[in-house]
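Below: coords.cif (mmCIF, C-alpha atoms and all ligand atoms)
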data_work
loop_
_atom_site.label_atom_id
_atom_site.label_comp_id
_atom_site.auth_asym_id
_atom_site.auth_seq_id
_atom_site.Cartn_x
_atom_site.Cartn_y
_atom_site.Cartn_z
CA MET F 143 0.00 0.00 0.00
CA SER F 144 1.40 3.40 -0.88
CA SER F 145 2.08 5.51 2.18
CA VAL F 146 -0.56 8.18 1.51
CA PHE F 147 -3.32 6.01 0.12
CA PRO F 148 -5.81 4.69 2.72
CA ASP F 149 -6.40 0.97 3.25
CA LEU F 150 -9.88 0.55 1.79
CA ARG F 151 -9.93 -3.23 1.99
CA PRO F 152 -12.12 -3.38 5.12
CA HIS F 153 -14.91 -1.73 3.07
CA PHE F 154 -15.03 -4.59 0.53
CA PRO F 155 -16.55 -7.80 1.96
CA ALA F 156 -15.75 -9.96 -1.09
CA LEU F 157 -12.01 -9.40 -0.74
CA HIS F 158 -11.89 -11.28 2.56
CA GLN F 159 -12.08 -14.86 1.40
CA THR F 160 -9.76 -17.65 0.43
CA VAL F 161 -9.64 -19.22 -3.02
CA ASN F 162 -8.05 -22.64 -3.40
CA GLY F 163 -6.89 -22.28 0.19
CA LYS F 164 -5.08 -18.99 -0.49
CA PRO F 165 -6.13 -15.43 0.35
CA LEU F 166 -7.93 -13.96 -2.66
CA VAL F 167 -5.78 -11.63 -4.76
CA TYR F 168 -8.32 -9.99 -7.04
CA LEU F 169 -6.64 -8.52 -10.13
CA ASP F 170 -9.53 -8.69 -12.60
CA ASN F 171 -10.90 -5.21 -12.09
CA GLY F 172 -10.92 -4.46 -15.81
CA ALA F 173 -13.69 -7.07 -16.08
CA THR F 174 -15.56 -5.94 -12.99
CA SER F 175 -14.77 -4.41 -9.61
CA HIS F 176 -15.90 -5.48 -6.17
CA LYS F 177 -18.49 -3.47 -4.28
CA PRO F 178 -17.97 -1.59 -1.03
CA ARG F 179 -20.32 -2.15 1.90
CA ALA F 180 -21.81 1.33 1.28
CA VAL F 181 -23.07 0.22 -2.15
CA ILE F 182 -24.36 -3.14 -0.93
CA ASP F 183 -26.17 -1.35 1.93
CA ALA F 184 -27.74 1.17 -0.48
CA LEU F 185 -29.14 -1.72 -2.56
CA VAL F 186 -30.50 -3.54 0.50
CA ARG F 187 -31.97 -0.32 1.89
CA TYR F 188 -33.72 0.40 -1.39
CA TYR F 189 -35.29 -3.05 -1.60
CA GLU F 190 -36.20 -3.16 2.08
CA ARG F 191 -37.83 0.27 2.21
CA ASP F 192 -38.53 2.02 -1.10
CA ASN F 193 -39.00 -0.76 -3.64
CA SER F 194 -41.70 0.23 -6.11
CA ASN F 195 -42.08 1.06 -9.78
CA VAL F 196 -41.12 4.57 -10.85
CA HIS F 197 -43.04 7.30 -12.63
CA ARG F 198 -46.24 5.32 -12.78
CA GLY F 199 -47.73 5.46 -9.30
CA LEU F 200 -48.84 8.23 -7.01
CA HIS F 201 -48.46 6.23 -3.81
CA ALA F 202 -45.76 6.92 -1.26
CA LEU F 203 -43.35 4.13 -2.20
CA SER F 204 -43.59 4.88 -5.89
CA MET F 205 -42.83 8.51 -5.21
CA ARG F 206 -39.86 7.57 -3.02
CA SER F 207 -38.61 5.21 -5.65
CA THR F 208 -39.00 7.85 -8.37
CA ASP F 209 -37.24 10.43 -6.19
CA SER F 210 -34.33 8.04 -5.56
CA PHE F 211 -34.06 7.22 -9.27
CA GLU F 212 -34.04 10.89 -10.29
CA ALA F 213 -31.64 11.78 -7.47
CA ALA F 214 -29.32 9.11 -8.86
CA ARG F 215 -29.57 10.74 -12.28
CA ALA F 216 -28.60 14.10 -10.76
CA ARG F 217 -25.70 12.39 -8.96
CA VAL F 218 -24.42 10.96 -12.23
CA ALA F 219 -24.75 14.36 -13.93
CA ALA F 220 -22.66 15.94 -11.17
CA PHE F 221 -20.11 13.10 -11.26
CA ILE F 222 -19.32 13.63 -14.95
CA HIS F 223 -20.13 17.36 -14.86
CA ALA F 224 -22.97 17.20 -17.40
CA GLN F 225 -24.82 20.47 -17.96
CA ASP F 226 -28.24 18.97 -17.52
CA GLN F 227 -29.53 15.79 -15.92
CA ALA F 228 -31.70 15.15 -19.00
CA GLU F 229 -28.39 14.27 -20.65
CA ILE F 230 -28.10 11.16 -18.46
CA VAL F 231 -29.77 8.04 -19.83
CA PHE F 232 -29.76 4.94 -17.64
CA VAL F 233 -28.91 1.82 -19.60
CA ARG F 234 -27.61 -1.68 -18.82
CA GLY F 235 -24.00 -0.77 -19.46
CA THR F 236 -21.45 0.44 -21.98
CA THR F 237 -22.52 -2.09 -24.59
CA GLU F 238 -26.13 -0.97 -24.60
CA ALA F 239 -25.13 2.70 -24.57
CA VAL F 240 -22.94 2.33 -27.66
CA ASN F 241 -25.66 0.38 -29.45
CA ILE F 242 -28.20 3.15 -28.78
CA VAL F 243 -25.86 5.81 -30.16
CA ALA F 244 -24.69 3.72 -33.11
CA ARG F 245 -28.21 2.90 -34.24
CA GLY F 246 -29.48 6.40 -33.43
CA LEU F 247 -26.74 8.15 -35.40
CA GLY F 248 -26.86 5.40 -38.01
CA ALA F 249 -30.25 6.74 -39.09
CA GLN F 250 -28.42 9.90 -40.23
CA LEU F 251 -25.56 8.14 -42.11
CA LYS F 252 -25.36 7.49 -45.85
CA PRO F 253 -22.89 6.00 -48.35
CA GLY F 254 -19.76 8.15 -48.54
CA ASP F 255 -19.94 9.04 -44.85
CA VAL F 256 -17.16 7.75 -42.62
CA VAL F 257 -17.30 6.39 -39.09
CA LEU F 258 -13.85 6.60 -37.55
CA THR F 259 -12.79 4.41 -34.68
CA THR F 260 -9.48 2.94 -33.51
CA GLU F 261 -7.63 -0.35 -33.66
CA MET F 262 -7.77 -0.69 -29.86
CA GLU F 263 -11.53 -0.80 -29.35
CA HIS F 264 -13.36 -3.34 -27.23
CA HIS F 265 -15.82 -5.29 -29.40
CA SER F 266 -18.60 -3.28 -27.73
CA ASN F 267 -17.37 -0.10 -29.39
CA LEU F 268 -16.56 -1.81 -32.66
CA VAL F 269 -19.18 -4.35 -33.70
CA PRO F 270 -22.13 -1.91 -33.35
CA TRP F 271 -20.33 0.50 -35.71
CA GLN F 272 -19.58 -2.31 -38.16
CA GLN F 273 -23.27 -3.18 -38.20
CA VAL F 274 -24.24 0.43 -38.76
CA ALA F 275 -21.69 0.81 -41.56
CA LYS F 276 -23.07 -2.32 -43.23
CA ALA F 277 -26.65 -1.13 -42.91
CA THR F 278 -26.03 2.41 -44.19
CA GLY F 279 -23.19 2.01 -46.70
CA ALA F 280 -20.96 4.26 -44.58
CA THR F 281 -17.26 3.37 -44.41
CA LEU F 282 -15.56 2.32 -41.18
CA CYS F 283 -11.96 3.53 -40.75
CA TYR F 284 -9.47 2.90 -37.96
CA VAL F 285 -6.81 5.03 -36.30
CA PRO F 286 -3.78 2.69 -36.16
CA VAL F 287 -2.11 1.56 -32.95
CA LEU F 288 1.68 2.00 -33.05
CA GLY F 289 4.39 -0.39 -31.88
CA ALA F 290 4.89 -4.17 -31.95
CA ASP F 291 3.55 -4.33 -28.37
CA GLY F 292 1.04 -1.51 -28.84
CA GLU F 293 3.42 0.67 -26.84
CA GLY F 294 3.14 3.67 -29.17
CA GLY F 295 -0.56 4.30 -28.57
CA LEU F 296 -2.77 5.79 -31.24
CA ASP F 297 -1.10 7.19 -34.35
CA LEU F 298 -2.07 10.81 -33.78
CA ALA F 299 -0.20 11.94 -36.92
CA ALA F 300 -2.44 9.66 -39.02
CA LEU F 301 -5.43 11.55 -37.67
CA ASP F 302 -4.52 14.48 -39.94
CA THR F 303 -5.35 12.38 -42.98
CA LEU F 304 -8.06 10.24 -41.39
CA LEU F 305 -10.15 13.10 -40.02
CA THR F 306 -11.72 14.32 -43.26
CA PRO F 307 -14.99 16.24 -43.58
CA GLN F 308 -16.60 12.91 -44.53
CA VAL F 309 -16.10 11.68 -40.96
CA LYS F 310 -19.45 12.01 -39.24
CA VAL F 311 -18.65 10.09 -36.06
CA PHE F 312 -15.41 9.42 -34.20
CA ALA F 313 -15.89 6.69 -31.57
CA PHE F 314 -12.92 5.83 -29.39
CA THR F 315 -12.02 4.36 -26.05
CA HIS F 316 -10.71 6.59 -23.27
CA ILE F 317 -8.58 3.79 -21.79
CA SER F 318 -7.70 0.57 -23.61
CA ASN F 319 -8.86 -2.49 -21.65
CA THR F 320 -5.98 -4.52 -23.10
CA LEU F 321 -3.06 -2.10 -23.41
CA GLY F 322 -3.80 0.27 -20.54
CA THR F 323 -3.22 3.22 -22.88
CA ILE F 324 -4.85 6.47 -21.77
CA ASN F 325 -5.90 8.26 -24.92
CA PRO F 326 -5.78 12.07 -25.13
CA ALA F 327 -9.57 12.27 -25.21
CA ALA F 328 -9.91 16.06 -25.10
CA GLU F 329 -7.49 16.46 -28.01
CA LEU F 330 -9.28 13.77 -30.02
CA CYS F 331 -12.63 15.50 -29.44
CA ARG F 332 -11.19 18.87 -30.40
CA ARG F 333 -9.73 17.54 -33.63
CA ALA F 334 -12.96 15.68 -34.51
CA ARG F 335 -15.01 18.80 -33.85
CA ALA F 336 -12.80 20.77 -36.24
CA VAL F 337 -14.08 18.61 -39.13
CA GLY F 338 -17.67 18.56 -37.85
CA ALA F 339 -17.59 14.96 -36.58
CA LEU F 340 -19.54 13.88 -33.50
CA THR F 341 -17.54 12.12 -30.78
CA VAL F 342 -18.46 9.03 -28.78
CA ILE F 343 -16.18 8.11 -25.87
CA ASP F 344 -16.14 4.61 -24.42
CA ALA F 345 -15.34 5.42 -20.79
CA ALA F 346 -15.84 1.87 -19.44
CA GLN F 347 -12.26 1.65 -18.16
CA SER F 348 -11.79 5.27 -17.14
CA ILE F 349 -14.96 6.30 -15.33
CA GLY F 350 -14.12 4.94 -11.89
CA HIS F 351 -10.38 5.41 -12.24
CA GLU F 352 -9.62 8.93 -13.47
CA PRO F 353 -11.19 12.37 -13.04
CA LEU F 354 -13.66 12.83 -15.90
CA ASP F 355 -15.57 15.93 -16.99
CA VAL F 356 -17.66 15.70 -20.17
CA GLN F 357 -17.66 19.47 -20.69
CA ALA F 358 -13.88 19.71 -20.35
CA LEU F 359 -13.49 16.73 -22.70
CA GLY F 360 -15.87 18.35 -25.17
CA CYS F 361 -17.43 15.02 -26.18
CA ASP F 362 -20.88 14.59 -27.69
CA PHE F 363 -21.60 11.15 -26.20
CA LEU F 364 -19.99 9.06 -23.48
CA ALA F 365 -20.76 5.52 -22.35
CA PHE F 366 -19.90 3.63 -19.18
CA SER F 367 -20.89 0.73 -16.92
CA GLY F 368 -21.54 0.87 -13.19
CA HIS F 369 -20.05 -2.52 -12.37
CA LYS F 370 -16.45 -1.54 -13.16
CA MET F 371 -16.64 1.42 -10.75
CA CYS F 372 -17.79 -0.21 -7.49
CA GLY F 373 -21.43 -0.17 -8.60
CA PRO F 374 -23.92 -2.94 -9.37
CA THR F 375 -24.07 -4.94 -12.59
CA GLY F 376 -26.87 -4.20 -15.04
CA ILE F 377 -26.68 -0.42 -14.74
CA GLY F 378 -24.74 2.01 -16.88
CA VAL F 379 -25.01 5.40 -18.46
CA LEU F 380 -25.26 6.96 -21.85
CA TYR F 381 -24.39 10.64 -21.67
CA GLY F 382 -25.32 12.71 -24.71
CA ARG F 383 -25.58 16.41 -25.38
CA ARG F 384 -29.25 17.23 -24.96
CA ALA F 385 -29.95 18.59 -28.44
CA LEU F 386 -28.34 15.50 -29.96
CA LEU F 387 -30.30 13.07 -27.79
CA ASP F 388 -33.56 14.86 -28.55
CA ALA F 389 -32.83 14.61 -32.29
CA MET F 390 -32.11 10.87 -32.07
CA ALA F 391 -34.67 8.11 -32.55
CA PRO F 392 -35.13 5.66 -29.68
CA ASP F 393 -33.61 2.22 -30.02
CA GLU F 394 -36.31 0.50 -27.99
CA THR F 395 -39.96 1.45 -27.72
CA GLY F 396 -42.66 0.60 -25.19
CA GLY F 397 -44.00 1.91 -21.90
CA GLY F 398 -42.62 4.95 -20.13
CA MET F 399 -41.05 6.59 -23.19
CA VAL F 400 -44.15 7.92 -24.92
CA VAL F 401 -46.16 11.13 -24.57
CA SER F 402 -49.23 9.70 -26.25
CA VAL F 403 -50.22 6.57 -28.11
CA ASP F 404 -53.15 5.73 -30.35
CA TYR F 405 -53.82 2.69 -32.51
CA GLN F 406 -51.94 4.33 -35.38
CA GLY F 407 -48.75 5.40 -33.67
CA ALA F 408 -46.99 7.12 -30.79
CA ARG F 409 -45.08 10.27 -29.90
CA TRP F 410 -41.82 10.05 -27.95
CA LYS F 411 -40.93 11.88 -24.80
CA PRO F 412 -37.71 13.90 -24.86
CA SER F 413 -34.48 12.54 -23.39
CA PRO F 414 -33.83 10.78 -21.08
CA GLU F 415 -37.20 8.94 -20.90
CA ARG F 416 -37.19 8.47 -24.68
CA PHE F 417 -34.37 5.97 -24.28
CA GLU F 418 -35.64 4.27 -21.13
CA ALA F 419 -38.52 2.08 -22.27
CA GLY F 420 -39.90 -0.31 -19.66
CA THR F 421 -39.20 -0.57 -15.95
CA PRO F 422 -35.68 0.71 -15.29
CA HIS F 423 -33.10 -0.80 -12.95
CA VAL F 424 -34.00 1.55 -10.10
CA ALA F 425 -31.94 -0.26 -7.47
CA GLY F 426 -29.01 -0.25 -9.90
CA ALA F 427 -29.21 3.52 -10.30
CA VAL F 428 -29.38 3.95 -6.52
CA GLY F 429 -26.36 1.67 -6.12
CA LEU F 430 -24.48 3.53 -8.85
CA ALA F 431 -25.05 6.84 -7.06
CA ALA F 432 -23.72 5.26 -3.85
CA ALA F 433 -20.66 4.05 -5.77
CA MET F 434 -20.05 7.58 -7.03
CA ASP F 435 -20.29 8.93 -3.49
CA TYR F 436 -17.80 6.30 -2.36
CA ILE F 437 -15.34 7.03 -5.17
CA ASP F 438 -15.53 10.78 -4.65
CA ALA F 439 -14.99 10.35 -0.90
CA VAL F 440 -11.72 8.58 -1.72
CA GLY F 441 -10.89 11.06 -4.50
CA ARG F 442 -10.47 10.30 -8.18
CA GLU F 443 -7.06 11.98 -8.40
CA SER F 444 -5.70 9.73 -5.68
CA ILE F 445 -7.34 6.60 -7.13
CA ALA F 446 -5.67 7.38 -10.46
CA ALA F 447 -2.29 7.93 -8.81
CA HIS F 448 -2.67 4.66 -6.86
CA ASP F 449 -3.63 2.71 -10.03
CA HIS F 450 -0.73 4.17 -11.98
CA GLU F 451 1.74 3.40 -9.21
CA LEU F 452 0.57 -0.21 -8.95
CA ALA F 453 0.77 -0.66 -12.72
CA ALA F 454 4.30 0.72 -12.81
CA TYR F 455 5.33 -1.58 -9.97
CA ALA F 456 3.68 -4.58 -11.66
CA ARG F 457 5.51 -3.84 -14.91
CA GLN F 458 8.79 -3.65 -13.02
CA ARG F 459 8.19 -6.95 -11.17
CA LEU F 460 6.90 -8.79 -14.25
CA ALA F 461 9.85 -7.62 -16.36
CA GLU F 462 12.13 -9.59 -13.97
CA ILE F 463 10.56 -12.85 -15.19
CA PRO F 464 12.35 -14.54 -18.12
CA GLY F 465 10.38 -14.70 -21.38
CA MET F 466 7.89 -12.06 -20.30
CA ARG F 467 6.37 -9.88 -23.03
CA ILE F 468 4.46 -6.91 -21.64
CA LEU F 469 2.05 -4.96 -23.82
CA GLY F 470 1.13 -1.31 -23.77
CA PRO F 471 2.75 2.03 -23.06
CA THR F 472 6.29 2.21 -21.73
CA ALA F 473 7.30 4.36 -18.76
CA GLY F 474 6.75 8.07 -19.12
CA GLN F 475 3.57 7.74 -21.17
CA PRO F 476 0.06 7.99 -19.74
CA ARG F 477 -0.98 4.48 -18.68
CA ALA F 478 -3.73 3.09 -16.55
CA GLY F 479 -3.81 0.28 -13.99
CA ILE F 480 -3.96 -2.45 -16.62
CA VAL F 481 -1.05 -4.74 -17.49
CA SER F 482 -1.40 -7.37 -20.24
CA PHE F 483 1.34 -9.88 -20.81
CA ALA F 484 2.36 -13.06 -22.58
CA LEU F 485 4.59 -15.48 -20.69
CA GLY F 486 6.83 -17.32 -23.14
CA ASP F 487 4.85 -19.93 -25.06
CA ALA F 488 2.44 -20.61 -22.21
CA HIS F 489 -1.17 -20.12 -23.24
CA ALA F 490 -2.87 -17.31 -21.34
CA HIS F 491 -5.60 -19.67 -20.17
CA ASP F 492 -2.95 -21.92 -18.58
CA VAL F 493 -1.33 -18.92 -16.89
CA VAL F 494 -4.70 -17.81 -15.51
CA THR F 495 -5.56 -21.35 -14.34
CA PHE F 496 -2.19 -21.76 -12.59
CA ALA F 497 -2.49 -18.31 -10.97
CA ASP F 498 -5.97 -19.25 -9.75
CA GLN F 499 -4.37 -22.12 -7.81
CA ASP F 500 -2.52 -19.40 -5.88
CA GLY F 501 -5.77 -17.51 -5.22
CA ILE F 502 -5.02 -14.90 -7.89
CA ALA F 503 -7.82 -13.71 -10.20
CA LEU F 504 -6.49 -12.67 -13.62
CA ARG F 505 -8.19 -12.45 -16.98
CA GLY F 506 -6.92 -14.47 -19.92
CA GLY F 507 -8.02 -14.38 -23.53
CA HIS F 508 -8.50 -11.80 -26.24
CA HIS F 509 -10.29 -9.39 -23.88
CA CYS F 510 -12.89 -8.68 -26.58
CA ASN F 511 -10.09 -7.12 -28.63
CA GLN F 512 -9.68 -9.81 -31.30
CA PRO F 513 -8.54 -7.54 -34.16
CA LEU F 514 -5.90 -5.90 -31.94
CA MET F 515 -4.62 -9.29 -30.71
CA ARG F 516 -4.31 -10.45 -34.30
CA LYS F 517 -2.41 -7.29 -35.19
CA LEU F 518 0.02 -7.89 -32.30
CA GLY F 519 0.42 -11.52 -33.37
CA LEU F 520 -0.96 -12.97 -30.15
CA PRO F 521 -3.80 -15.46 -29.70
CA SER F 522 -4.39 -14.11 -26.21
CA THR F 523 -2.78 -12.46 -23.21
CA ALA F 524 -3.10 -12.69 -19.46
CA ARG F 525 -4.08 -9.44 -17.79
CA ALA F 526 -3.76 -8.00 -14.32
CA SER F 527 -5.91 -4.95 -13.71
CA PHE F 528 -5.83 -2.93 -10.51
CA TYR F 529 -8.17 -0.84 -8.45
CA LEU F 530 -8.35 1.18 -5.30
CA TYR F 531 -8.12 -1.78 -2.89
CA ASN F 532 -5.11 -3.49 -4.48
CA THR F 533 -1.68 -3.41 -2.86
CA ARG F 534 1.98 -3.79 -3.78
CA GLU F 535 2.04 -6.95 -1.66
CA GLU F 536 -0.55 -8.49 -3.97
CA ILE F 537 1.70 -7.73 -6.92
CA ASP F 538 4.53 -9.52 -5.12
CA VAL F 539 2.24 -12.56 -4.77
CA LEU F 540 1.47 -12.32 -8.50
CA ALA F 541 5.15 -12.04 -9.44
CA ALA F 542 6.06 -15.08 -7.31
CA SER F 543 3.25 -17.12 -8.86
CA LEU F 544 4.22 -16.13 -12.41
CA LEU F 545 7.84 -17.04 -11.76
CA LYS F 546 6.69 -20.52 -10.67
CA ILE F 547 4.57 -20.81 -13.81
CA GLN F 548 7.48 -19.70 -15.99
CA LYS F 549 9.71 -22.36 -14.44
CA PHE F 550 7.05 -25.02 -14.93
CA PHE F 551 6.64 -24.22 -18.63
CA ALA F 552 10.39 -23.83 -19.19
CA GLY F 553 10.63 -27.44 -17.97
N1 LIG J 1 -15.60 -1.00 -23.43
C1 LIG J 1 -14.47 -1.30 -22.77
C2 LIG J 1 -13.24 -0.46 -22.97
C3 LIG J 1 -14.46 -2.38 -21.89
O1 LIG J 1 -13.34 -2.68 -21.22
C4 LIG J 1 -15.66 -3.13 -21.71
C5 LIG J 1 -15.68 -4.35 -20.83
C6 LIG J 1 -16.79 -2.76 -22.40
C7 LIG J 1 -16.73 -1.69 -23.26
C8 LIG J 1 -18.09 -3.47 -22.23
O2 LIG J 1 -18.65 -3.19 -20.99
P1 LIG J 1 -20.00 -3.90 -20.51
O3 LIG J 1 -20.16 -3.49 -19.09
O4 LIG J 1 -21.09 -3.40 -21.40
O5 LIG J 1 -19.79 -5.37 -20.68
N2 LIG J 1 -14.43 -4.95 -20.66
C9 LIG J 1 -14.19 -6.15 -20.12
C10 LIG J 1 -12.89 -6.62 -19.94
O6 LIG J 1 -11.88 -6.00 -20.26
N3 LIG J 1 -12.96 -7.84 -19.39
O7 LIG J 1 -14.23 -8.16 -19.19
C11 LIG J 1 -15.01 -7.11 -19.65
#

Take the structure in the file and give it back as structure tokens.
Ligand code: 7TS
Amino acid sequence: MSSVFPDLRPHFPALHQTVNGKPLVYLDNGATSHKPRAVIDALVRYYERDNSNVHRGLHALSMRSTDSFEAARARVAAFIHAQDQAEIVFVRGTTEAVNIVARGLGAQLKPGDVVLTTEMEHHSNLVPWQQVAKATGATLCYVPVLGADGEGGLDLAALDTLLTPQVKVFAFTHISNTLGTINPAAELCRRARAVGALTVIDAAQSIGHEPLDVQALGCDFLAFSGHKMCGPTGIGVLYGRRALLDAMAPDETGGGMVVSVDYQGARWKPSPERFEAGTPHVAGAVGLAAAMDYIDAVGRESIAAHDHELAAYARQRLAEIPGMRILGPTAGQPRAGIVSFALGDAHAHDVVTFADQDGIALRGGHHCNQPLMRKLGLPSTARASFYLYNTREEIDVLAASLLKIQKFFAG
């Protein structure tokens, strides 16, 4: 534990267990984070006291439930510094948010238009755009990733030629879930805006880890999931500038999102209700707001510093192991608490399975980044990803386990 960063582990019940007879070392935060007691309590409190459907009833519980849901929306707006809480749409997660934007903007695309994205996108910010390009005849282009290990980040010089007036949308990830690269999001938005392109930021890996301000970034849309930031699963957010959301068709239709309906048709409410058909995940929104309170009480600047320090230490310890290939930015460049690696010829799934025997939770595979893996010439990697409760001691446990694995595979 760094000297200034508080020990938050007592707040996280799930961390205090053994796995395969060893104390759990949870290093799979890129996939999902654990939840502090404050979030679990907020969920229990909601179900024990306020549980009811929102917007539809005039009874006391329904009003309490509606108030909690809308208070959560205001909390999210404050957390990302949105101008207006109508710009906050509750969704299931990043994947749903990107799908809503891709299909919504897709209605405005035509052959000759370009959707620009990058070679480091998670499938969730890639496949929806491929589908939209196929359906509309628009062209999908990619900003290249530089370096044999992806260490050079996005090719920002190539942006000069890629960002043409034909580019209508530029969708990119804030932090790569495989490389740990932190992209210069404000600069990318500024350059996209200069050619009239709308920007969509995938903030799945950054939202709970770095300070984030949508107005300072200057983005048009931003997507994230609650479960990677101490919040519940099944809740996430689509942020969009209000005028853009109000001009966009809903992806899903049904109850709660209409002003009036007759047998011939229906009229949509404005944002955010327009995009929230059906009963929303009220408890999820309440839990997400509690997660935001928790994160802000710790401080996003210090969480970021803690993540970065752990990642730097992990890179140093892993580099001591023979045959280790570490992906992503080298020292001195912006990099998040995510370290992907390949250990000699050992398959990542074997590395993860062996590490699990030591109680260590890693992720192994293509991390929903298949095109990037192919480009780097790797079938898969193992990945350690850190969060606010991880410690240097846990990285020492990881390094010792990986050294054992290396020796086993080296025969
Ligand atoms: N975008 C990025 C950058 C991600 O890392 C993920 C999930 C998603 C989108 C999708 O988020 P969801 O909540 O809608 O599923 N990433 C990972 C990961 O790296 N390992 O498991 C899930």

Open item on the list: What does the structure give for the distance between CA of Leu354 in chain F and CA of His223 in chain F, in Å to one decimal?
Closed with: 8.0 Å

- [ ] Give the answer as one residue: which of F:Glu462, F:Asp362, F:Glu229, F:Glu415 has the shortest atom-to-atom distance to Lys310 in chain F, using all atoms listed in the file?
- [x]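 Result for the nearest residue to Lys310 in chain F: F:Asp362.
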
I'd like a table as a Markdown table: residues in range 298-375 of chain F with an atom no more than 12 Å from range 513-523 of chain F, each row giving the shortest atom pair and its distance in Å to one decimal, all atoms listed in the file counted, sorted by chain and rising residue number.
| residue | atom | partner | partner_atom | distance |
| --- | --- | --- | --- | --- |
| F:Ser318 | CA | F:Leu514 | CA | 10.7 |
| F:Asn319 | CA | F:Leu514 | CA | 11.2 |
| F:Thr320 | CA | F:Thr523 | CA | 8.6 |
| F:Leu321 | CA | F:Leu514 | CA | 9.8 |

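The spacing separating CA of Met466 in chain F from CA of Leu485 in chain F amounts to 4.8 Å.
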
Task: Distance criterion (all atoms listed in the file): nearest to ligand LIG 1 (chain J) out of F:Arg416, F:Lys370, F:Lys252, F:Arg187 - done: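 Going through F:Arg416, F:Lys370, F:Lys252, F:Arg187 one by one, the smallest distance to ligand LIG 1 (chain J) is for F:Lys370.
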
For ligand LIG 1 (chain J), what centre and edge lengths in Å (one decimal) does the axis-aligned box get once 6 Å is added on each side of all its listed atoms, as lines of an AutoDock Vina configuration file?
center_x = -16.5
center_y = -4.3
center_z = -21.3
size_x = 21.2
size_y = 19.7
size_z = 16.3

Taking only C-alpha atoms and all ligand atoms into account, produce a table as a Markdown table in which each residue of chain F with an atom at most 7 Å from an atom of ligand LIG 1 (chain J) appears once, together with its shortest atom pair and the distance in Å to one decimal, ordered by chain and rising number.
| residue | atom | partner | partner_atom | distance |
| --- | --- | --- | --- | --- |
| F:Gly172 | CA | J:LIG1 | O6 | 4.8 |
| F:Ala173 | CA | J:LIG1 | O7 | 3.3 |
| F:Thr174 | CA | J:LIG1 | O7 | 6.7 |
| F:Gly235 | CA | J:LIG1 | O4 | 4.4 |
| F:Thr236 | CA | J:LIG1 | O4 | 3.9 |
| F:Thr237 | CA | J:LIG1 | O4 | 3.7 |
| F:Glu238 | CA | J:LIG1 | O4 | 6.4 |
| F:Glu263 | CA | J:LIG1 | C2 | 6.6 |
| F:His264 | CA | J:LIG1 | N1 | 5.0 |
| F:Ser266 | CA | J:LIG1 | C7 | 5.1 |
| F:Asn267 | CA | J:LIG1 | N1 | 6.3 |
| F:Thr315 | CA | J:LIG1 | C2 | 5.8 |
| F:Ile317 | CA | J:LIG1 | C2 | 6.4 |
| F:Ser318 | CA | J:LIG1 | C2 | 5.7 |
| F:Asn319 | CA | J:LIG1 | O1 | 4.5 |
| F:Thr320 | CA | J:LIG1 | O6 | 6.7 |
| F:Asp344 | CA | J:LIG1 | N1 | 5.7 |
| F:Ala345 | CA | J:LIG1 | C2 | 6.6 |
| F:Ala346 | CA | J:LIG1 | C1 | 4.8 |
| F:Gln347 | CA | J:LIG1 | C2 | 5.3 |
| F:Ser367 | CA | J:LIG1 | O3 | 4.8 |
| F:His369 | CA | J:LIG1 | O3 | 6.8 |
| F:His509 | CA | J:LIG1 | O6 | 5.2 |
| F:Cys510 | CA | J:LIG1 | O6 | 6.9 |

TODO: Please write as a PyMOL selection string the list of polymer residues whose atoms come within 8 Å of (-3.6, 2.7, -10.9), counting only C-alpha atoms and keeping to the coordinates of the file.
DONE: chain F and resi 351+445-453+478-480+528-530
